[in-house]
$ cat entry_39.txt   # compact mmCIF, N, CA and C atoms and all ligand atoms
# COMPACT_ATOMS: atom_id res chain seq x y z
N MET B 1 18.82 21.61 212.58
CA MET B 1 19.03 22.28 213.87
C MET B 1 18.06 21.72 214.91
N GLU B 2 16.76 21.66 214.56
CA GLU B 2 15.75 21.20 215.52
C GLU B 2 16.02 19.78 215.95
N ILE B 3 16.38 18.94 215.01
CA ILE B 3 16.65 17.54 215.32
C ILE B 3 17.79 17.43 216.32
N GLU B 4 18.78 18.23 216.15
CA GLU B 4 19.93 18.20 217.05
C GLU B 4 19.51 18.58 218.47
N LYS B 5 18.68 19.57 218.57
CA LYS B 5 18.19 20.01 219.88
C LYS B 5 17.52 18.84 220.59
N GLU B 6 16.63 18.14 219.86
CA GLU B 6 15.91 17.01 220.47
C GLU B 6 16.89 15.98 221.00
N LYS B 7 17.87 15.66 220.24
CA LYS B 7 18.87 14.68 220.65
C LYS B 7 19.48 15.08 221.98
N ASN B 8 19.86 16.32 222.09
CA ASN B 8 20.48 16.81 223.33
C ASN B 8 19.55 16.67 224.51
N ASN B 9 18.28 16.93 224.30
CA ASN B 9 17.33 16.83 225.40
C ASN B 9 17.11 15.40 225.83
N ASN B 10 17.20 14.47 224.92
CA ASN B 10 16.89 13.08 225.22
C ASN B 10 17.86 12.48 226.22
N SER B 11 19.11 12.74 226.11
CA SER B 11 20.05 12.08 227.03
C SER B 11 21.13 13.05 227.49
N ASP B 12 21.17 13.24 228.80
CA ASP B 12 22.16 14.16 229.37
C ASP B 12 23.58 13.65 229.19
N ALA B 13 23.71 12.33 229.36
CA ALA B 13 25.05 11.76 229.25
C ALA B 13 25.65 12.06 227.89
N ASN B 14 24.85 11.85 226.87
CA ASN B 14 25.33 12.12 225.52
C ASN B 14 25.72 13.59 225.36
N THR B 15 24.86 14.46 225.92
CA THR B 15 25.12 15.88 225.79
C THR B 15 26.45 16.24 226.41
N GLN B 16 26.68 15.67 227.61
CA GLN B 16 27.94 15.99 228.28
C GLN B 16 29.13 15.55 227.46
N GLU B 17 28.99 14.33 226.94
CA GLU B 17 30.11 13.86 226.11
C GLU B 17 30.30 14.77 224.90
N GLU B 18 29.16 15.13 224.34
CA GLU B 18 29.24 16.01 223.17
C GLU B 18 29.92 17.32 223.54
N LYS B 19 29.51 17.84 224.70
CA LYS B 19 30.11 19.11 225.15
C LYS B 19 31.61 18.97 225.26
N LYS B 20 32.02 17.87 225.90
CA LYS B 20 33.46 17.66 226.06
C LYS B 20 34.17 17.72 224.72
N SER B 21 33.64 16.91 223.79
CA SER B 21 34.35 16.86 222.51
C SER B 21 34.25 18.21 221.81
N ASN B 22 33.12 18.89 222.02
CA ASN B 22 33.00 20.22 221.43
C ASN B 22 34.08 21.16 221.97
N ASN B 23 34.26 21.08 223.29
CA ASN B 23 35.28 21.94 223.89
C ASN B 23 36.64 21.71 223.28
N ASN B 24 36.96 20.43 223.13
CA ASN B 24 38.26 20.13 222.54
C ASN B 24 38.40 20.73 221.16
N SER B 25 37.34 20.56 220.38
CA SER B 25 37.48 21.03 219.00
C SER B 25 37.53 22.56 218.96
N THR B 26 36.74 23.23 219.86
CA THR B 26 36.80 24.69 219.82
C THR B 26 38.17 25.18 220.25
N GLU B 27 38.77 24.46 221.23
CA GLU B 27 40.11 24.88 221.62
C GLU B 27 41.08 24.75 220.46
N GLU B 28 40.94 23.63 219.76
CA GLU B 28 41.81 23.47 218.60
C GLU B 28 41.55 24.56 217.57
N GLN B 29 40.25 24.86 217.40
CA GLN B 29 39.90 25.92 216.45
C GLN B 29 40.53 27.24 216.86
N LYS B 30 40.39 27.54 218.18
CA LYS B 30 40.96 28.80 218.67
C LYS B 30 42.44 28.86 218.36
N LYS B 31 43.11 27.74 218.62
CA LYS B 31 44.55 27.71 218.36
C LYS B 31 44.85 28.09 216.92
N SER B 32 44.14 27.42 216.00
CA SER B 32 44.46 27.68 214.60
C SER B 32 44.04 29.09 214.21
N GLU B 33 42.94 29.59 214.85
CA GLU B 33 42.55 30.97 214.59
C GLU B 33 43.65 31.93 215.02
N LYS B 34 44.22 31.63 216.20
CA LYS B 34 45.29 32.49 216.69
C LYS B 34 46.44 32.52 215.70
N GLU B 35 46.80 31.34 215.23
CA GLU B 35 47.90 31.30 214.27
C GLU B 35 47.57 32.12 213.04
N ASP B 36 46.30 32.01 212.60
CA ASP B 36 45.88 32.79 211.45
C ASP B 36 45.99 34.28 211.73
N GLU B 37 45.55 34.66 212.96
CA GLU B 37 45.63 36.08 213.32
C GLU B 37 47.05 36.58 213.22
N ASN B 38 47.97 35.73 213.66
CA ASN B 38 49.36 36.15 213.61
C ASN B 38 49.86 36.29 212.17
N LYS B 39 49.33 35.44 211.32
CA LYS B 39 49.79 35.50 209.93
C LYS B 39 49.18 36.68 209.20
N ASN B 40 47.88 36.90 209.43
CA ASN B 40 47.16 37.86 208.58
C ASN B 40 47.71 39.28 208.58
N PRO B 41 48.03 39.84 209.75
CA PRO B 41 48.49 41.24 209.72
C PRO B 41 49.70 41.42 208.82
N GLU B 42 50.58 40.42 208.83
CA GLU B 42 51.76 40.53 207.97
C GLU B 42 51.35 40.60 206.51
N GLU B 43 50.44 39.69 206.14
CA GLU B 43 50.00 39.70 204.74
C GLU B 43 49.33 41.01 204.40
N ASN B 44 48.50 41.51 205.35
CA ASN B 44 47.84 42.78 205.10
C ASN B 44 48.85 43.90 204.94
N ASN B 45 49.89 43.86 205.76
CA ASN B 45 50.92 44.90 205.64
C ASN B 45 51.54 44.90 204.27
N VAL B 46 51.84 43.70 203.78
CA VAL B 46 52.45 43.61 202.46
C VAL B 46 51.51 44.20 201.42
N LYS B 47 50.22 43.84 201.53
CA LYS B 47 49.27 44.35 200.55
C LYS B 47 49.13 45.86 200.66
N GLU B 48 49.12 46.36 201.93
CA GLU B 48 49.03 47.80 202.11
C GLU B 48 50.22 48.50 201.47
N LYS B 49 51.39 47.92 201.70
CA LYS B 49 52.59 48.54 201.13
C LYS B 49 52.49 48.57 199.62
N ILE B 50 51.96 47.50 199.05
CA ILE B 50 51.86 47.45 197.60
C ILE B 50 50.85 48.47 197.11
N ASN B 51 49.76 48.64 197.88
CA ASN B 51 48.69 49.54 197.41
C ASN B 51 48.97 51.01 197.67
N SER B 52 49.74 51.31 198.72
CA SER B 52 49.91 52.72 199.06
C SER B 52 51.03 53.36 198.23
N VAL B 53 50.82 54.61 197.88
CA VAL B 53 51.79 55.33 197.08
C VAL B 53 52.77 56.03 198.02
N PRO B 54 54.07 55.79 197.89
CA PRO B 54 55.04 56.47 198.76
C PRO B 54 54.90 57.98 198.64
N ILE B 55 55.01 58.67 199.77
CA ILE B 55 54.71 60.09 199.78
C ILE B 55 55.63 60.88 198.85
N MET B 56 56.87 60.41 198.69
CA MET B 56 57.78 61.17 197.83
C MET B 56 57.50 60.95 196.35
N MET B 57 56.55 60.07 196.05
CA MET B 57 56.18 59.84 194.65
C MET B 57 54.72 60.22 194.39
N ARG B 58 54.09 60.79 195.40
CA ARG B 58 52.64 61.01 195.35
C ARG B 58 52.32 62.45 194.94
N CYS B 59 51.44 62.58 193.98
CA CYS B 59 50.98 63.90 193.56
C CYS B 59 50.13 64.50 194.67
N PHE B 60 50.44 65.73 195.02
CA PHE B 60 49.72 66.41 196.09
C PHE B 60 48.24 66.56 195.75
N LEU B 61 47.93 66.62 194.50
CA LEU B 61 46.54 66.89 194.09
C LEU B 61 45.72 65.62 193.91
N CYS B 62 46.22 64.63 193.21
CA CYS B 62 45.40 63.43 192.96
C CYS B 62 45.78 62.28 193.90
N GLU B 63 46.86 62.43 194.66
CA GLU B 63 47.32 61.43 195.63
C GLU B 63 47.64 60.09 194.97
N ASP B 64 47.93 60.13 193.71
CA ASP B 64 48.39 58.93 193.01
C ASP B 64 49.85 59.17 192.59
N TYR B 65 50.46 58.18 191.95
CA TYR B 65 51.80 58.39 191.45
C TYR B 65 51.82 59.59 190.50
N CYS B 66 52.84 60.40 190.62
CA CYS B 66 52.96 61.55 189.72
C CYS B 66 53.13 61.07 188.30
N GLU B 67 52.34 61.63 187.43
CA GLU B 67 52.52 61.36 186.02
C GLU B 67 53.24 62.55 185.41
N GLU B 68 54.36 62.33 184.75
CA GLU B 68 55.22 63.44 184.35
C GLU B 68 55.47 64.34 185.55
N PRO B 69 56.18 63.83 186.56
CA PRO B 69 56.32 64.57 187.80
C PRO B 69 57.01 65.92 187.62
N VAL B 70 56.45 66.94 188.24
CA VAL B 70 57.08 68.25 188.30
C VAL B 70 57.16 68.70 189.74
N GLN B 71 58.11 69.59 189.99
CA GLN B 71 58.32 70.11 191.32
C GLN B 71 58.02 71.59 191.28
N ILE B 72 57.41 72.10 192.34
CA ILE B 72 57.11 73.52 192.37
C ILE B 72 58.20 74.22 193.19
N LEU B 73 58.63 75.38 192.73
CA LEU B 73 59.83 75.99 193.31
C LEU B 73 59.58 76.62 194.68
N CYS B 74 58.35 77.05 194.95
CA CYS B 74 58.08 77.72 196.24
C CYS B 74 58.29 76.80 197.43
N CYS B 75 57.83 75.55 197.34
CA CYS B 75 57.89 74.67 198.51
C CYS B 75 58.36 73.26 198.17
N ASN B 76 58.78 73.06 196.91
CA ASN B 76 59.30 71.74 196.48
C ASN B 76 58.28 70.62 196.53
N GLU B 77 57.01 70.93 196.62
CA GLU B 77 55.98 69.89 196.56
C GLU B 77 55.98 69.33 195.13
N ILE B 78 55.54 68.05 194.99
CA ILE B 78 55.53 67.44 193.66
C ILE B 78 54.10 67.16 193.19
N PHE B 79 53.95 67.20 191.88
CA PHE B 79 52.62 67.03 191.28
C PHE B 79 52.77 66.34 189.93
N CYS B 80 51.63 65.82 189.43
CA CYS B 80 51.56 65.49 188.00
C CYS B 80 51.60 66.81 187.25
N LYS B 81 52.30 66.81 186.13
CA LYS B 81 52.39 68.04 185.35
C LYS B 81 50.99 68.55 185.01
N LYS B 82 50.13 67.61 184.59
CA LYS B 82 48.78 67.98 184.17
C LYS B 82 48.01 68.63 185.32
N HIS B 83 48.10 68.05 186.50
CA HIS B 83 47.27 68.52 187.62
C HIS B 83 47.72 69.89 188.13
N ILE B 84 49.04 70.08 188.25
CA ILE B 84 49.50 71.38 188.75
C ILE B 84 49.30 72.46 187.69
N THR B 85 49.42 72.08 186.43
CA THR B 85 49.17 73.07 185.37
C THR B 85 47.73 73.56 185.44
N GLU B 86 46.80 72.62 185.55
CA GLU B 86 45.38 73.00 185.68
C GLU B 86 45.16 73.92 186.88
N GLU B 87 45.80 73.53 188.00
CA GLU B 87 45.61 74.28 189.25
C GLU B 87 46.16 75.71 189.11
N ILE B 88 47.34 75.83 188.53
CA ILE B 88 47.95 77.17 188.39
C ILE B 88 47.14 78.03 187.42
N MET B 89 46.66 77.42 186.34
CA MET B 89 45.86 78.17 185.38
C MET B 89 44.57 78.69 186.04
N LYS B 90 44.08 77.95 187.00
CA LYS B 90 42.83 78.35 187.68
C LYS B 90 43.09 79.40 188.76
N ASN B 91 44.07 79.12 189.63
CA ASN B 91 44.22 79.94 190.85
C ASN B 91 45.49 80.80 190.89
N PHE B 92 46.43 80.53 190.00
CA PHE B 92 47.71 81.26 190.00
C PHE B 92 48.36 81.24 191.38
N ALA B 93 48.21 80.10 192.06
CA ALA B 93 48.83 79.95 193.38
C ALA B 93 49.18 78.48 193.61
N CYS B 94 50.15 78.27 194.49
CA CYS B 94 50.54 76.90 194.84
C CYS B 94 49.48 76.28 195.74
N PRO B 95 48.98 75.10 195.40
CA PRO B 95 47.94 74.48 196.23
C PRO B 95 48.46 74.03 197.59
N ASN B 96 49.78 73.93 197.73
CA ASN B 96 50.33 73.50 199.01
C ASN B 96 50.61 74.68 199.94
N CYS B 97 51.41 75.64 199.49
CA CYS B 97 51.78 76.74 200.38
C CYS B 97 51.03 78.04 200.05
N HIS B 98 50.23 78.00 199.00
CA HIS B 98 49.35 79.12 198.63
C HIS B 98 50.09 80.39 198.21
N LYS B 99 51.37 80.26 197.93
CA LYS B 99 52.09 81.42 197.38
C LYS B 99 51.68 81.60 195.92
N ALA B 100 51.65 82.85 195.50
CA ALA B 100 51.35 83.12 194.11
C ALA B 100 52.42 82.51 193.23
N CYS B 101 52.00 81.85 192.16
CA CYS B 101 53.01 81.34 191.23
C CYS B 101 52.41 81.11 189.86
N GLY B 102 53.28 81.04 188.89
CA GLY B 102 52.85 80.81 187.51
C GLY B 102 53.48 79.55 186.98
N LEU B 103 53.25 79.28 185.70
CA LEU B 103 53.75 78.04 185.12
C LEU B 103 55.27 77.99 185.07
N ASN B 104 55.92 79.18 185.16
CA ASN B 104 57.39 79.17 185.15
C ASN B 104 57.95 78.83 186.53
N ASN B 105 57.09 78.58 187.51
CA ASN B 105 57.55 78.18 188.84
C ASN B 105 57.58 76.66 189.02
N ILE B 106 57.26 75.92 187.97
CA ILE B 106 57.35 74.47 188.08
C ILE B 106 58.43 73.94 187.14
N ILE B 107 59.13 72.93 187.61
CA ILE B 107 60.19 72.33 186.79
C ILE B 107 59.98 70.81 186.73
N ASP B 108 60.32 70.25 185.57
CA ASP B 108 60.25 68.79 185.43
C ASP B 108 61.19 68.13 186.44
N ASN B 109 60.77 67.02 187.00
CA ASN B 109 61.64 66.26 187.88
C ASN B 109 61.94 64.91 187.22
N LYS B 110 62.98 64.94 186.40
CA LYS B 110 63.31 63.77 185.60
C LYS B 110 63.69 62.60 186.47
N LYS B 111 64.43 62.88 187.54
CA LYS B 111 64.90 61.79 188.39
C LYS B 111 63.72 61.07 189.05
N LEU B 112 62.76 61.87 189.50
CA LEU B 112 61.57 61.28 190.13
C LEU B 112 60.80 60.42 189.12
N SER B 113 60.74 60.92 187.92
CA SER B 113 60.07 60.17 186.86
C SER B 113 60.71 58.78 186.70
N ASP B 114 62.05 58.77 186.68
CA ASP B 114 62.76 57.49 186.58
C ASP B 114 62.51 56.63 187.82
N ASP B 115 62.55 57.28 188.99
CA ASP B 115 62.33 56.53 190.24
C ASP B 115 60.96 55.86 190.24
N ILE B 116 59.95 56.59 189.80
CA ILE B 116 58.60 56.04 189.82
C ILE B 116 58.50 54.87 188.85
N ARG B 117 59.10 55.03 187.67
CA ARG B 117 59.05 53.93 186.70
C ARG B 117 59.72 52.69 187.30
N TRP B 118 60.87 52.89 187.93
CA TRP B 118 61.60 51.78 188.55
C TRP B 118 60.76 51.15 189.66
N PHE B 119 60.20 52.00 190.51
CA PHE B 119 59.44 51.53 191.66
C PHE B 119 58.22 50.71 191.21
N LYS B 120 57.55 51.20 190.17
CA LYS B 120 56.37 50.50 189.67
C LYS B 120 56.73 49.14 189.09
N SER B 121 57.90 49.07 188.45
CA SER B 121 58.27 47.78 187.86
C SER B 121 58.57 46.78 188.97
N ILE B 122 59.21 47.24 190.05
CA ILE B 122 59.45 46.36 191.20
C ILE B 122 58.11 45.91 191.79
N LEU B 123 57.19 46.83 191.93
CA LEU B 123 55.88 46.51 192.51
C LEU B 123 55.16 45.47 191.68
N SER B 124 55.17 45.66 190.37
CA SER B 124 54.41 44.72 189.54
C SER B 124 55.02 43.33 189.65
N GLU B 125 56.35 43.26 189.83
CA GLU B 125 56.96 41.95 190.06
C GLU B 125 56.47 41.36 191.37
N LEU B 126 56.40 42.19 192.40
CA LEU B 126 55.91 41.74 193.71
C LEU B 126 54.48 41.23 193.60
N VAL B 127 53.64 42.00 192.92
CA VAL B 127 52.24 41.63 192.79
C VAL B 127 52.11 40.32 192.03
N MET B 128 52.92 40.17 191.00
CA MET B 128 52.87 38.94 190.22
C MET B 128 53.26 37.75 191.10
N GLY B 129 54.31 37.92 191.92
CA GLY B 129 54.72 36.87 192.85
C GLY B 129 53.60 36.52 193.81
N GLU B 130 52.95 37.55 194.32
CA GLU B 130 51.83 37.37 195.26
C GLU B 130 50.72 36.57 194.62
N ASN B 131 50.37 36.92 193.39
CA ASN B 131 49.30 36.20 192.69
C ASN B 131 49.65 34.74 192.48
N GLU B 132 50.91 34.48 192.13
CA GLU B 132 51.34 33.10 191.94
C GLU B 132 51.19 32.31 193.22
N ARG B 133 51.58 32.94 194.32
CA ARG B 133 51.48 32.25 195.62
C ARG B 133 50.01 31.92 195.91
N ASN B 134 49.11 32.85 195.62
CA ASN B 134 47.70 32.61 195.88
C ASN B 134 47.17 31.47 195.02
N HIS B 135 47.66 31.36 193.79
CA HIS B 135 47.19 30.29 192.91
C HIS B 135 47.62 28.94 193.45
N ASN B 136 48.83 28.88 194.00
CA ASN B 136 49.36 27.61 194.49
C ASN B 136 48.62 27.09 195.71
N HIS B 137 47.92 27.97 196.44
CA HIS B 137 47.19 27.55 197.64
C HIS B 137 46.19 26.47 197.36
ZN ZN P 1 48.11 64.28 190.04
ZN ZN P 2 54.24 76.01 197.31

$ encode --input "entry_39.txt" --output "structure tokens"
Amino acid sequence: MEIEKEKNNNSDANTQEEKKSNNNSTEEQKKSEKEDENKNPEENNVKEKINSVPIMMRCFLCEDYCEEPVQILCCNEIFCKKHITEEIMKNFACPNCHKACGLNNIIDNKKLSDDIRWFKSILSELVMGENERNHNH
């Protein structure tokens, strides 16, 4: 760094030329940065989509994919069977609408269970594709 400074001080003409060429290269850099900026949000969106759990598959309590999804009859909110069972045993109320309820107020949601399994398999294919693309870079 210090050596470079000295060089610049020694000759103004050189500095000016250097500045010129620097300007050109920074402009080129800016251009490519802009292109990168345009690309990145899209990639981030894809990653966000892959990482986020769709609300209709998300357990109200753990905010992850429902495991053994069940639906509660008071407000149709969905939960992992394990999580809502624990909650009802503790509070005897729905954690979403706070109505009193017992274990007979929840029903298995077989269709959702299938949907989640299907959705996860699609996702893992997507993630695998993404990883392959990164390796090829
Ligand atoms: Zn859960
Ligand atoms: Zn409820």

$ residues_near_ligand --input "entry_39.txt" --ligand "ligand ZN 2 (chain P)" --cutoff "8 Å" --atoms "only N, CA and C atoms and all ligand atoms" --output "number ranges by chain"
B: 72-77, 93-100

$ residues_near_ligand --input "entry_39.txt" --ligand "ligand ZN 1 (chain P)" --cutoff "5 Å" --atoms "only N, CA and C atoms and all ligand atoms" --output "NGL selection string"
:B and (59 or 61-62 or 80 or 83)

$ atom_distance --input "entry_39.txt" --atom1 "atom CA of B:Cys101" --atom2 "atom CA of B:Phe60"
16.0 Å

$ atom_distance --input "entry_39.txt" --atom1 "atom C of B:Ser121" --atom2 "atom N of B:Glu86"
28.6 Å

$ atom_distance --input "entry_39.txt" --atom1 "atom CA of B:Glu68" --atom2 "atom C of B:Leu123"
19.4 Å
